[in-house]
>>> print(open('structure-v4.pdb').read())   # PDB, C-alpha atoms
ATOM      1  CA  MET A  25      -2.695   8.301  20.775
ATOM      2  CA  SER A  26      -6.234   7.407  19.718
ATOM      3  CA  ASP A  27      -7.086   3.710  19.650
ATOM      4  CA  ILE A  28     -10.011   4.224  17.289
ATOM      5  CA  LEU A  29      -9.468   3.777  13.573
ATOM      6  CA  PRO A  30     -12.110   5.208  11.235
ATOM      7  CA  HIS A  31     -13.060   3.190   8.149
ATOM      8  CA  SER A  32     -11.712  -0.092   9.523
ATOM      9  CA  PRO A  33     -10.500  -2.639   6.954
ATOM     10  CA  VAL A  34     -12.080  -6.076   6.606
ATOM     11  CA  LEU A  35     -11.911  -8.273   9.720
ATOM     12  CA  TYR A  36      -9.918  -5.578  11.513
ATOM     13  CA  HIS A  37     -10.707  -6.625  15.080
ATOM     14  CA  GLU A  38     -10.271 -10.307  14.241
ATOM     15  CA  ILE A  39      -6.792  -9.668  12.805
ATOM     16  CA  ILE A  40      -5.661  -7.827  15.923
ATOM     17  CA  SER A  41      -7.065 -10.636  18.066
ATOM     18  CA  VAL A  42      -5.346 -13.506  16.223
ATOM     19  CA  LEU A  43      -1.976 -11.824  15.608
ATOM     20  CA  GLN A  44      -1.770 -10.747  19.250
ATOM     21  CA  PRO A  45       0.585  -7.765  18.675
ATOM     22  CA  ARG A  46       2.758  -6.954  21.687
ATOM     23  CA  SER A  47       5.312  -4.382  22.707
ATOM     24  CA  GLY A  48       8.684  -5.277  21.255
ATOM     25  CA  GLY A  49       7.149  -7.483  18.576
ATOM     26  CA  VAL A  50       8.113  -7.365  14.900
ATOM     27  CA  TYR A  51       5.482  -7.766  12.174
ATOM     28  CA  ALA A  52       5.073  -7.758   8.403
ATOM     29  CA  ASP A  53       1.967  -6.534   6.599
ATOM     30  CA  CYS A  54       2.647  -7.857   3.126
ATOM     31  CA  THR A  55      -0.424  -6.228   1.551
ATOM     32  CA  LEU A  56      -0.291  -2.837   3.225
ATOM     33  CA  GLY A  57      -2.993  -1.110   1.200
ATOM     34  CA  ALA A  58      -4.018   2.132   2.875
ATOM     35  CA  GLY A  59      -2.534   0.932   6.171
ATOM     36  CA  GLY A  60      -5.643   0.061   8.152
ATOM     37  CA  HIS A  61      -4.530  -3.295   9.536
ATOM     38  CA  ALA A  62      -0.990  -1.966   9.987
ATOM     39  CA  TRP A  63      -2.333   0.914  12.086
ATOM     40  CA  GLY A  64      -4.015  -1.548  14.408
ATOM     41  CA  ILE A  65      -0.908  -3.739  14.714
ATOM     42  CA  LEU A  66       1.339  -0.763  15.483
ATOM     43  CA  ASN A  67      -1.149   0.684  17.925
ATOM     44  CA  ALA A  68      -1.530  -2.627  19.766
ATOM     45  CA  SER A  69       2.247  -3.180  19.880
ATOM     46  CA  SER A  70       3.032   0.229  21.405
ATOM     47  CA  PRO A  71       5.365   1.610  22.505
ATOM     48  CA  ASP A  72       8.094  -0.140  20.531
ATOM     49  CA  GLY A  73       6.624  -2.779  18.212
ATOM     50  CA  GLN A  74       7.832  -2.506  14.625
ATOM     51  CA  LEU A  75       6.240  -3.252  11.270
ATOM     52  CA  LEU A  76       7.332  -3.733   7.672
ATOM     53  CA  GLY A  77       4.616  -2.682   5.237
ATOM     54  CA  MET A  78       4.785  -3.867   1.617
ATOM     55  CA  ASP A  79       2.639  -3.078  -1.422
ATOM     56  CA  VAL A  80       3.092  -2.617  -5.164
ATOM     57  CA  ASP A  81       0.384   0.035  -5.499
ATOM     58  CA  PRO A  82       1.926   3.541  -5.306
ATOM     59  CA  GLN A  83      -1.449   5.168  -4.627
ATOM     60  CA  ALA A  84      -2.057   2.890  -1.654
ATOM     61  CA  LEU A  85       1.448   3.477  -0.300
ATOM     62  CA  GLU A  86       0.955   7.240  -0.325
ATOM     63  CA  LEU A  87      -2.191   6.875   1.767
ATOM     64  CA  ALA A  88      -0.474   4.415   4.106
ATOM     65  CA  ARG A  89       2.479   6.739   4.697
ATOM     66  CA  ASN A  90       0.101   9.510   5.733
ATOM     67  CA  ARG A  91      -1.989   7.249   7.944
ATOM     68  CA  LEU A  92       1.014   5.653   9.668
ATOM     69  CA  SER A  93       3.203   8.753   9.997
ATOM     70  CA  GLN A  94       2.326   9.051  13.692
ATOM     71  CA  PHE A  95       4.330   5.882  14.385
ATOM     72  CA  GLY A  96       7.580   7.428  13.150
ATOM     73  CA  GLY A  97      10.554   5.070  13.054
ATOM     74  CA  ARG A  98       8.510   2.060  14.126
ATOM     75  CA  VAL A  99       7.184   1.498  10.606
ATOM     76  CA  PHE A 100       9.127   0.738   7.413
ATOM     77  CA  ILE A 101       7.196   1.080   4.145
ATOM     78  CA  VAL A 102       8.504  -0.281   0.842
ATOM     79  CA  ARG A 103       7.089  -0.583  -2.638
ATOM     80  CA  ALA A 104       7.572  -4.270  -3.358
ATOM     81  CA  SER A 105       5.671  -7.470  -4.054
ATOM     82  CA  TYR A 106       5.111  -9.741  -1.099
ATOM     83  CA  VAL A 107       7.037 -12.506  -2.878
ATOM     84  CA  THR A 108      10.176 -10.521  -1.965
ATOM     85  CA  LEU A 109       9.374 -10.703   1.763
ATOM     86  CA  ALA A 110      12.611 -12.484   2.695
ATOM     87  CA  ASP A 111      14.726  -9.930   0.821
ATOM     88  CA  GLU A 112      12.993  -6.957   2.439
ATOM     89  CA  LEU A 113      13.391  -8.450   5.910
ATOM     90  CA  SER A 114      17.087  -9.026   5.232
ATOM     91  CA  ARG A 115      17.519  -5.385   4.222
ATOM     92  CA  LEU A 116      16.150  -4.373   7.611
ATOM     93  CA  GLY A 117      18.362  -6.871   9.381
ATOM     94  CA  TRP A 118      15.328  -8.782  10.672
ATOM     95  CA  ARG A 119      15.991 -12.518  10.864
ATOM     96  CA  SER A 120      12.379 -13.331  11.752
ATOM     97  CA  VAL A 121       9.027 -11.756  12.619
ATOM     98  CA  ASP A 122       6.277 -12.451  15.142
ATOM     99  CA  GLY A 123       3.420 -12.110  12.703
ATOM    100  CA  VAL A 124       2.710 -11.918   8.967
ATOM    101  CA  LEU A 125      -0.502 -10.630   7.385
ATOM    102  CA  LEU A 126      -1.724 -11.184   3.828
ATOM    103  CA  ASP A 127      -4.964  -9.402   2.905
ATOM    104  CA  LEU A 128      -5.595 -10.622  -0.632
ATOM    105  CA  GLY A 129      -7.672  -9.238  -3.454
ATOM    106  CA  VAL A 130      -8.682  -5.775  -4.538
ATOM    107  CA  SER A 131      -9.455  -3.023  -2.048
ATOM    108  CA  SER A 132     -12.410  -0.664  -2.018
ATOM    109  CA  MET A 133      -9.954   2.150  -2.691
ATOM    110  CA  GLN A 134      -8.733   0.443  -5.870
ATOM    111  CA  LEU A 135     -12.258  -0.314  -7.032
ATOM    112  CA  GLU A 136     -13.347   3.272  -6.506
ATOM    113  CA  SER A 137     -10.230   5.046  -7.778
ATOM    114  CA  PRO A 138     -10.715   6.415 -11.304
ATOM    115  CA  GLY A 139      -8.494   5.103 -14.054
ATOM    116  CA  ARG A 140      -7.568   1.774 -12.433
ATOM    117  CA  GLY A 141      -9.973  -0.318 -14.510
ATOM    118  CA  PHE A 142     -11.018  -2.713 -11.737
ATOM    119  CA  SER A 143     -14.736  -1.930 -11.572
ATOM    120  CA  PHE A 144     -17.414  -2.725 -14.125
ATOM    121  CA  ARG A 145     -19.687  -0.108 -12.571
ATOM    122  CA  ILE A 146     -17.894   2.849 -14.191
ATOM    123  CA  SER A 147     -16.518   3.447 -17.663
ATOM    124  CA  GLU A 148     -12.725   3.634 -17.842
ATOM    125  CA  PRO A 149      -9.781   1.975 -19.607
ATOM    126  CA  LEU A 150      -9.566  -1.768 -18.973
ATOM    127  CA  ASP A 151      -6.433  -2.083 -16.826
ATOM    128  CA  MET A 152      -6.627  -3.956 -13.462
ATOM    129  CA  ARG A 153      -2.900  -3.799 -12.632
ATOM    130  CA  PHE A 154      -2.058  -3.478  -8.935
ATOM    131  CA  ASN A 155       1.346  -2.240 -10.034
ATOM    132  CA  PRO A 156       0.935   0.264 -12.886
ATOM    133  CA  ALA A 157       4.501  -0.514 -13.996
ATOM    134  CA  ASP A 158       3.658  -4.118 -14.870
ATOM    135  CA  PRO A 159       3.728  -4.706 -18.637
ATOM    136  CA  VAL A 160       0.416  -6.527 -19.230
ATOM    137  CA  SER A 161      -3.033  -5.054 -18.598
ATOM    138  CA  ALA A 162      -6.457  -6.683 -18.738
ATOM    139  CA  ALA A 163      -7.020  -5.055 -22.137
ATOM    140  CA  ASP A 164      -3.874  -6.765 -23.436
ATOM    141  CA  LEU A 165      -5.212 -10.182 -22.392
ATOM    142  CA  VAL A 166      -8.734  -9.582 -23.644
ATOM    143  CA  ASN A 167      -7.538  -8.477 -27.073
ATOM    144  CA  SER A 168      -4.614 -10.854 -27.643
ATOM    145  CA  LEU A 169      -5.582 -14.272 -26.287
ATOM    146  CA  SER A 170      -7.244 -16.819 -28.527
ATOM    147  CA  GLU A 171     -10.842 -17.757 -27.843
ATOM    148  CA  SER A 172      -9.820 -21.046 -26.234
ATOM    149  CA  GLU A 173      -7.147 -19.371 -24.087
ATOM    150  CA  LEU A 174      -9.570 -16.692 -22.954
ATOM    151  CA  SER A 175     -12.229 -19.284 -22.167
ATOM    152  CA  ALA A 176      -9.763 -21.342 -20.112
ATOM    153  CA  LEU A 177      -8.652 -18.234 -18.195
ATOM    154  CA  ILE A 178     -12.202 -17.177 -17.339
ATOM    155  CA  TYR A 179     -13.180 -20.713 -16.293
ATOM    156  CA  ARG A 180     -10.050 -21.359 -14.228
ATOM    157  CA  TYR A 181      -9.764 -18.079 -12.357
ATOM    158  CA  GLY A 182     -13.405 -16.994 -12.368
ATOM    159  CA  GLU A 183     -15.018 -20.423 -11.978
ATOM    160  CA  GLU A 184     -17.455 -19.158 -14.602
ATOM    161  CA  ARG A 185     -19.647 -21.865 -16.158
ATOM    162  CA  MET A 186     -20.441 -19.630 -19.133
ATOM    163  CA  ALA A 187     -16.753 -19.130 -19.966
ATOM    164  CA  ARG A 188     -16.971 -20.416 -23.539
ATOM    165  CA  GLN A 189     -19.919 -18.226 -24.459
ATOM    166  CA  ILE A 190     -18.275 -15.197 -22.843
ATOM    167  CA  ALA A 191     -14.940 -15.760 -24.587
ATOM    168  CA  ARG A 192     -16.705 -16.167 -27.942
ATOM    169  CA  ALA A 193     -18.621 -12.929 -27.441
ATOM    170  CA  ILE A 194     -15.472 -11.045 -26.422
ATOM    171  CA  VAL A 195     -13.517 -12.201 -29.464
ATOM    172  CA  ARG A 196     -16.367 -11.187 -31.779
ATOM    173  CA  SER A 197     -16.479  -7.721 -30.188
ATOM    174  CA  ARG A 198     -12.768  -6.872 -30.339
ATOM    175  CA  PRO A 199     -11.225  -4.460 -29.700
ATOM    176  CA  VAL A 200     -12.550  -4.318 -26.126
ATOM    177  CA  LEU A 201     -10.931  -1.353 -24.400
ATOM    178  CA  THR A 202     -13.143  -0.174 -21.548
ATOM    179  CA  THR A 203     -14.656  -1.702 -18.421
ATOM    180  CA  ASP A 204     -18.251  -0.905 -19.334
ATOM    181  CA  GLN A 205     -17.788  -2.356 -22.821
ATOM    182  CA  LEU A 206     -16.508  -5.629 -21.380
ATOM    183  CA  ALA A 207     -19.202  -5.722 -18.696
ATOM    184  CA  ASP A 208     -21.928  -5.253 -21.305
ATOM    185  CA  ILE A 209     -20.506  -8.024 -23.510
ATOM    186  CA  VAL A 210     -20.307 -10.436 -20.588
ATOM    187  CA  SER A 211     -23.762  -9.588 -19.257
ATOM    188  CA  GLN A 212     -25.423 -10.035 -22.633
ATOM    189  CA  SER A 213     -23.735 -13.364 -23.331
ATOM    190  CA  VAL A 214     -24.610 -14.703 -19.863
ATOM    191  CA  ARG A 215     -28.243 -13.617 -20.064
ATOM    192  CA  ARG A 216     -28.631 -15.132 -23.529
ATOM    193  CA  GLY A 217     -27.310 -18.447 -22.263
ATOM    194  CA  GLN A 218     -29.453 -18.739 -19.135
ATOM    195  CA  LYS A 219     -33.046 -18.686 -18.067
ATOM    196  CA  PRO A 220     -34.013 -15.509 -16.188
ATOM    197  CA  ALA A 221     -33.943 -17.243 -12.798
ATOM    198  CA  ALA A 222     -30.856 -19.377 -13.460
ATOM    199  CA  ARG A 223     -28.322 -17.032 -11.874
ATOM    200  CA  PRO A 224     -28.964 -15.579  -8.411
ATOM    201  CA  GLY A 225     -29.225 -11.811  -8.349
ATOM    202  CA  ARG A 226     -26.639 -11.364  -5.605
ATOM    203  CA  ILE A 227     -23.734 -10.671  -7.975
ATOM    204  CA  ASP A 228     -23.451  -8.956 -11.324
ATOM    205  CA  PRO A 229     -22.998 -11.337 -14.306
ATOM    206  CA  ALA A 230     -19.631  -9.687 -15.043
ATOM    207  CA  THR A 231     -18.191 -10.307 -11.563
ATOM    208  CA  ARG A 232     -16.513 -13.651 -12.243
ATOM    209  CA  THR A 233     -14.983 -12.558 -15.559
ATOM    210  CA  PHE A 234     -13.525  -9.402 -14.013
ATOM    211  CA  GLN A 235     -12.184 -11.480 -11.128
ATOM    212  CA  ALA A 236     -10.528 -13.906 -13.529
ATOM    213  CA  LEU A 237      -8.826 -11.155 -15.517
ATOM    214  CA  ARG A 238      -7.604  -9.405 -12.362
ATOM    215  CA  ILE A 239      -6.104 -12.629 -11.006
ATOM    216  CA  ALA A 240      -4.386 -13.352 -14.317
ATOM    217  CA  VAL A 241      -3.055  -9.810 -14.810
ATOM    218  CA  ASN A 242      -1.505  -9.738 -11.340
ATOM    219  CA  HIS A 243      -0.455 -13.427 -11.170
ATOM    220  CA  GLU A 244      -2.198 -13.578  -7.817
ATOM    221  CA  LEU A 245      -2.381 -17.342  -7.284
ATOM    222  CA  ASP A 246       1.218 -17.936  -8.355
ATOM    223  CA  ALA A 247       2.391 -15.180  -6.018
ATOM    224  CA  LEU A 248       0.339 -16.587  -3.138
ATOM    225  CA  SER A 249       1.787 -20.081  -3.644
ATOM    226  CA  GLU A 250       5.262 -18.583  -3.607
ATOM    227  CA  VAL A 251       4.897 -16.388  -0.525
ATOM    228  CA  LEU A 252       3.230 -18.847   1.888
ATOM    229  CA  PRO A 253       6.319 -21.025   2.527
ATOM    230  CA  LYS A 254       8.533 -17.920   2.636
ATOM    231  CA  ALA A 255       6.314 -16.358   5.280
ATOM    232  CA  VAL A 256       6.405 -19.504   7.420
ATOM    233  CA  GLN A 257      10.194 -19.657   7.192
ATOM    234  CA  LYS A 258      10.427 -16.093   8.522
ATOM    235  CA  LEU A 259       8.128 -16.621  11.507
ATOM    236  CA  THR A 260       9.552 -17.041  14.980
ATOM    237  CA  PRO A 261       8.325 -20.130  16.882
ATOM    238  CA  GLY A 262       4.890 -19.118  18.116
ATOM    239  CA  GLY A 263       4.595 -16.469  15.414
ATOM    240  CA  ARG A 264       1.411 -16.393  13.373
ATOM    241  CA  LEU A 265       0.534 -16.155   9.689
ATOM    242  CA  ALA A 266      -2.899 -14.659   8.954
ATOM    243  CA  VAL A 267      -4.398 -14.733   5.453
ATOM    244  CA  ILE A 268      -7.617 -13.031   4.364
ATOM    245  CA  SER A 269      -8.947 -14.345   1.053
ATOM    246  CA  PHE A 270     -11.975 -13.287  -0.946
ATOM    247  CA  HIS A 271     -12.714 -16.167  -3.276
ATOM    248  CA  SER A 272     -12.615 -19.935  -3.215
ATOM    249  CA  LEU A 273      -9.418 -20.363  -5.250
ATOM    250  CA  GLU A 274      -7.353 -18.360  -2.773
ATOM    251  CA  ASP A 275      -9.023 -19.869   0.269
ATOM    252  CA  ARG A 276      -8.586 -23.421  -1.038
ATOM    253  CA  LEU A 277      -4.892 -22.799  -1.714
ATOM    254  CA  VAL A 278      -4.312 -21.438   1.806
ATOM    255  CA  LYS A 279      -6.345 -24.228   3.400
ATOM    256  CA  ARG A 280      -4.365 -26.956   1.633
ATOM    257  CA  PHE A 281      -1.042 -25.346   2.495
ATOM    258  CA  PHE A 282      -1.942 -25.021   6.179
ATOM    259  CA  ARG A 283      -3.204 -28.612   6.311
ATOM    260  CA  ARG A 284      -0.101 -29.964   4.621
ATOM    261  CA  GLU A 285       2.281 -28.051   6.860
ATOM    262  CA  SER A 286       0.379 -29.137   9.975
ATOM    263  CA  GLN A 287       1.133 -32.820   9.331
ATOM    264  CA  ASP A 288       4.226 -34.861  10.174
ATOM    265  CA  CYS A 289       3.774 -37.175   7.208
ATOM    266  CA  ILE A 290       2.468 -36.331   3.735
ATOM    267  CA  CYS A 291       3.047 -39.729   2.127
ATOM    268  CA  PRO A 292       0.136 -41.294   0.187
ATOM    269  CA  PRO A 293      -2.488 -42.629   2.642
ATOM    270  CA  ARG A 294      -1.967 -46.299   1.740
ATOM    271  CA  GLN A 295       1.814 -46.223   1.934
ATOM    272  CA  PRO A 296       2.755 -48.500   4.889
ATOM    273  CA  VAL A 297       6.003 -46.735   5.860
ATOM    274  CA  CYS A 298       6.709 -43.006   5.846
ATOM    275  CA  THR A 299       9.479 -42.063   3.415
ATOM    276  CA  CYS A 300       8.802 -38.336   2.994
ATOM    277  CA  GLY A 301      10.642 -37.119   6.079
ATOM    278  CA  HIS A 302       8.210 -34.228   6.354
ATOM    279  CA  ARG A 303       7.718 -32.630   9.758
ATOM    280  CA  ALA A 304       4.928 -30.294  10.755
ATOM    281  CA  THR A 305       5.935 -26.645  10.951
ATOM    282  CA  LEU A 306       2.485 -25.186  11.633
ATOM    283  CA  ARG A 307      -0.479 -25.520  13.948
ATOM    284  CA  GLU A 308      -3.809 -24.463  12.503
ATOM    285  CA  ILE A 309      -5.475 -21.873  14.699
ATOM    286  CA  THR A 310      -8.615 -21.765  12.518
ATOM    287  CA  PRO A 311      -9.640 -25.225  11.230
ATOM    288  CA  ARG A 312     -12.613 -23.350   9.815
ATOM    289  CA  PRO A 313     -12.146 -19.825   8.471
ATOM    290  CA  ILE A 314     -13.270 -16.792  10.431
ATOM    291  CA  ARG A 315     -16.059 -14.908   8.667
ATOM    292  CA  PRO A 316     -17.120 -11.264   9.058
ATOM    293  CA  GLN A 317     -19.810 -10.578  11.644
ATOM    294  CA  PRO A 318     -23.255  -9.558  10.310
ATOM    295  CA  TYR A 319     -22.752  -5.970  11.464
ATOM    296  CA  GLU A 320     -19.564  -5.709   9.359
ATOM    297  CA  VAL A 321     -21.298  -7.085   6.276
ATOM    298  CA  ARG A 322     -24.077  -4.533   6.744
ATOM    299  CA  GLN A 323     -21.516  -1.731   6.979
ATOM    300  CA  ASN A 324     -19.346  -3.063   4.152
ATOM    301  CA  PRO A 325     -21.143  -5.487   1.788
ATOM    302  CA  ARG A 326     -17.848  -6.275   0.015
ATOM    303  CA  SER A 327     -16.645  -7.988   3.184
ATOM    304  CA  ARG A 328     -19.232 -10.769   2.864
ATOM    305  CA  SER A 329     -16.898 -13.068   0.926
ATOM    306  CA  ALA A 330     -13.873 -12.595   3.221
ATOM    307  CA  ARG A 331     -12.321 -15.677   4.867
ATOM    308  CA  LEU A 332      -9.580 -15.475   7.492
ATOM    309  CA  ARG A 333      -7.280 -18.447   8.123
ATOM    310  CA  VAL A 334      -4.518 -18.394  10.735
ATOM    311  CA  ALA A 335      -1.650 -20.761  11.527
ATOM    312  CA  GLU A 336       1.101 -20.677  14.159
ATOM    313  CA  ARG A 337       4.743 -21.622  13.647
ATOM    314  CA  LEU A 338       5.770 -24.655  15.694
ATOM    315  CA  ILE A 339       9.531 -24.971  15.199
TER     316      ILE A 339
END
>>> encode(input="structure-v4.pdb", output="structure tokens")
Amino acid sequence: MSDILPHSPVLYHEIISVLQPRSGGVYADCTLGAGGHAWGILNASSPDGQLLGMDVDPQALELARNRLSQFGGRVFIVRASYVTLADELSRLGWRSVDGVLLDLGVSSMQLESPGRGFSFRISEPLDMRFNPADPVSAADLVNSLSESELSALIYRYGEERMARQIARAIVRSRPVLTTDQLADIVSQSVRRGQKPAARPGRIDPATRTFQALRIAVNHELDALSEVLPKAVQKLTPGGRLAVISFHSLEDRLVKRFFRRESQDCICPPRQPVCTCGHRATLREITPRPIRPQPYEVRQNPRSRSARLRVAERLI
């Protein structure tokens, strides 16, 4: 079996290093995507390591099944949200796992696939759903929310300082039905509100608004908050949880969770006696996140914002 994987996913080698897959180990890739990280975990845990792969994107799952078919009965692939991790493990009869991976955000495959509505670089229907069966698309939000609701969404999830101006421009331009239409509206409103040199040229003016809509459509932060404690509960002692995030909201959420669960007491700092009864369940492996190496960023510019945090189950 070849140990070389073409088109490696973000932080591929780092994930294999921190999860330390071994023969006989049991793992869960909760954001399977096209199966790149899962391939590495299964390959490193040969000959009898097993893996549960979960994703809500049917297109990604089809690619993953093809990529991972060589591992036969060692891999179990299900179409499900990672918030159902405990249920899926129970169906397999797995009480615990030795490693859990969460690779958050949108993949290059999703950005480049026609008809998904994630990218502002091509013209297509404004969608952004990871799971096409979900009821609400980005177009639904853009065309139904009030100006104040839309502004709050863009500011909260996109950390966009021009949120009010953008929301006002969107409402005036309704209906907004395509990605290029939205991108043009956002770009024009941002450029009108700033001096030419006010915004660095590294990212497109529409980036933060598209990010905000994608997070809202897929309830990404709520789902992440829900899955983190579930993942820890399903780890064996010594098992590791690895999370790759791509923007500050996700990374901050993971960081705070890991810090909280690495402490024996979470009472207010000035409280003289501990009354919380909290006991640490994790040990932080990465006090500071692991970043992609320069060579990876050169090969895949989208990896530049990736942050990997890892924690190990104590008890």
>>> closest_residue(input="structure-v4.pdb", among="A:Arg192, A:Arg284, A:Arg185, A:Arg276", to="A:Val166", atoms="all atoms listed in the file")
A:Arg192
>>> closest_residue(input="structure-v4.pdb", among="A:Ser327, A:Gln295, A:Ser170, A:Thr203", to="A:Glu148", atoms="all atoms listed in the file")
A:Thr203
>>> residues_around(input="structure-v4.pdb", residues="A:Asn324", least_positions_apart="5", cutoff="12 Å", atoms="all atoms listed in the file", output="list in words")
His31, Ser32, Pro33, Val34, Leu35, Ser131, Ser132, Pro316, Gln317, Pro318, Tyr319, Ser329 and Ala330 of chain A
>>> write_last_selection(input="structure-v4.pdb", atoms="C-alpha atoms", output="PDB file, in the frame of the given file")
ATOM      1  CA  HIS A  31     -13.060   3.190   8.149  1.00  0.00           C
ATOM      2  CA  SER A  32     -11.712  -0.092   9.523  1.00  0.00           C
ATOM      3  CA  PRO A  33     -10.500  -2.639   6.954  1.00  0.00           C
ATOM      4  CA  VAL A  34     -12.080  -6.076   6.606  1.00  0.00           C
ATOM      5  CA  LEU A  35     -11.911  -8.273   9.720  1.00  0.00           C
ATOM      6  CA  SER A 131      -9.455  -3.023  -2.048  1.00  0.00           C
ATOM      7  CA  SER A 132     -12.410  -0.664  -2.018  1.00  0.00           C
ATOM      8  CA  PRO A 316     -17.120 -11.264   9.058  1.00  0.00           C
ATOM      9  CA  GLN A 317     -19.810 -10.578  11.644  1.00  0.00           C
ATOM     10  CA  PRO A 318     -23.255  -9.558  10.310  1.00  0.00           C
ATOM     11  CA  TYR A 319     -22.752  -5.970  11.464  1.00  0.00           C
ATOM     12  CA  SER A 329     -16.898 -13.068   0.926  1.00  0.00           C
ATOM     13  CA  ALA A 330     -13.873 -12.595   3.221  1.00  0.00           C
TER      14      ALA A 330
END
>>> atom_distance(input="structure-v4.pdb", atom1="atom CA of A:Val195", atom2="atom CA of A:Glu171")
6.4 Å
>>> atom_distance(input="structure-v4.pdb", atom1="atom CA of A:Asn90", atom2="atom CA of A:Ala68")
18.6 Å
>>> closest_residue(input="structure-v4.pdb", among="A:Arg180, A:Leu43, A:Leu165, A:Leu174", to="A:Ala335", atoms="all atoms listed in the file")
A:Leu43
>>> resolve_selection(input="structure-v4.pdb", expression="the PyMOL selection byres ((chain A and resi 76) around 8)", output="compact mmCIF listing (two decimals) with C-alpha atoms, in the coordinates of the input")
# COMPACT_ATOMS: atom_id res chain seq x y z
CA TYR A 51 5.48 -7.77 12.17
CA ALA A 52 5.07 -7.76 8.40
CA ASP A 53 1.97 -6.53 6.60
CA CYS A 54 2.65 -7.86 3.13
CA GLN A 74 7.83 -2.51 14.62
CA LEU A 75 6.24 -3.25 11.27
CA GLY A 77 4.62 -2.68 5.24
CA MET A 78 4.78 -3.87 1.62
CA VAL A 99 7.18 1.50 10.61
CA PHE A 100 9.13 0.74 7.41
CA ILE A 101 7.20 1.08 4.14
CA VAL A 102 8.50 -0.28 0.84
CA LEU A 113 13.39 -8.45 5.91
>>> resolve_selection(input="structure-v4.pdb", expression="the PyMOL selection byres ((chain A and resi 149) around 10)", output="NGL selection string")
:A and (138-142 or 146-148 or 150-152 or 161-163 or 200-205)
>>> axis_aligned_box(input="structure-v4.pdb", around="stretch 86-101 of chain A", padding_each_side="3 Å", output="JSON")
{"center_x": 4.2, "center_y": 5.1, "center_z": 7.0, "size_x": 18.7, "size_y": 14.8, "size_z": 20.7}
>>> atom_distance(input="structure-v4.pdb", atom1="atom CA of A:Arg312", atom2="atom CA of A:Val251")
21.5 Å
>>> resolve_selection(input="structure-v4.pdb", expression="the PyMOL selection byres ((chain A and resi 50) around 10)", output="list in words")
Pro45, Arg46, Ser47, Gly48, Gly49, Tyr51, Ala52, Ile65, Leu66, Ser69, Asp72, Gly73, Gln74, Leu75, Leu76, Arg98, Val99, Trp118, Ser120, Val121, Asp122, Gly123, Val124, Leu259, Thr260 and Gly263 of chain A
>>> residues_around(input="structure-v4.pdb", residues="A:Leu85", least_positions_apart="6", cutoff="7 Å", atoms="all atoms listed in the file", output="PyMOL selection string")
chain A and resi 57-58+79
>>> build_atoms(input="structure-v4.pdb", residues="stretch 249-260 of chain A", atoms="N, CA and C atoms", output="PDB file, in the coordinates of the input")
ATOM      1  N   SER A 249       1.099 -18.792  -3.829  1.00  0.00           N
ATOM      2  CA  SER A 249       1.787 -20.081  -3.644  1.00  0.00           C
ATOM      3  C   SER A 249       3.251 -19.875  -3.285  1.00  0.00           C
ATOM      4  N   GLU A 250       3.845 -18.843  -3.848  1.00  0.00           N
ATOM      5  CA  GLU A 250       5.262 -18.583  -3.607  1.00  0.00           C
ATOM      6  C   GLU A 250       5.509 -17.981  -2.222  1.00  0.00           C
ATOM      7  N   VAL A 251       4.625 -17.111  -1.765  1.00  0.00           N
ATOM      8  CA  VAL A 251       4.897 -16.388  -0.525  1.00  0.00           C
ATOM      9  C   VAL A 251       4.581 -17.203   0.725  1.00  0.00           C
ATOM     10  N   LEU A 252       3.634 -18.124   0.676  1.00  0.00           N
ATOM     11  CA  LEU A 252       3.230 -18.847   1.888  1.00  0.00           C
ATOM     12  C   LEU A 252       4.402 -19.560   2.566  1.00  0.00           C
ATOM     13  N   PRO A 253       5.180 -20.384   1.848  1.00  0.00           N
ATOM     14  CA  PRO A 253       6.319 -21.025   2.527  1.00  0.00           C
ATOM     15  C   PRO A 253       7.383 -20.033   2.973  1.00  0.00           C
ATOM     16  N   LYS A 254       7.563 -18.941   2.234  1.00  0.00           N
ATOM     17  CA  LYS A 254       8.533 -17.920   2.636  1.00  0.00           C
ATOM     18  C   LYS A 254       8.103 -17.260   3.938  1.00  0.00           C
ATOM     19  N   ALA A 255       6.819 -16.995   4.067  1.00  0.00           N
ATOM     20  CA  ALA A 255       6.314 -16.358   5.280  1.00  0.00           C
ATOM     21  C   ALA A 255       6.510 -17.272   6.486  1.00  0.00           C
ATOM     22  N   VAL A 256       6.238 -18.562   6.316  1.00  0.00           N
ATOM     23  CA  VAL A 256       6.405 -19.504   7.420  1.00  0.00           C
ATOM     24  C   VAL A 256       7.870 -19.568   7.851  1.00  0.00           C
ATOM     25  N   GLN A 257       8.765 -19.581   6.884  1.00  0.00           N
ATOM     26  CA  GLN A 257      10.194 -19.657   7.192  1.00  0.00           C
ATOM     27  C   GLN A 257      10.659 -18.458   8.006  1.00  0.00           C
ATOM     28  N   LYS A 258      10.002 -17.317   7.833  1.00  0.00           N
ATOM     29  CA  LYS A 258      10.427 -16.093   8.522  1.00  0.00           C
ATOM     30  C   LYS A 258       9.706 -15.862   9.844  1.00  0.00           C
ATOM     31  N   LEU A 259       8.811 -16.758  10.225  1.00  0.00           N
ATOM     32  CA  LEU A 259       8.128 -16.621  11.507  1.00  0.00           C
ATOM     33  C   LEU A 259       8.986 -17.167  12.643  1.00  0.00           C
ATOM     34  N   THR A 260       8.951 -16.487  13.771  1.00  0.00           N
ATOM     35  CA  THR A 260       9.552 -17.041  14.980  1.00  0.00           C
ATOM     36  C   THR A 260       8.659 -18.172  15.484  1.00  0.00           C
TER      37      THR A 260
END
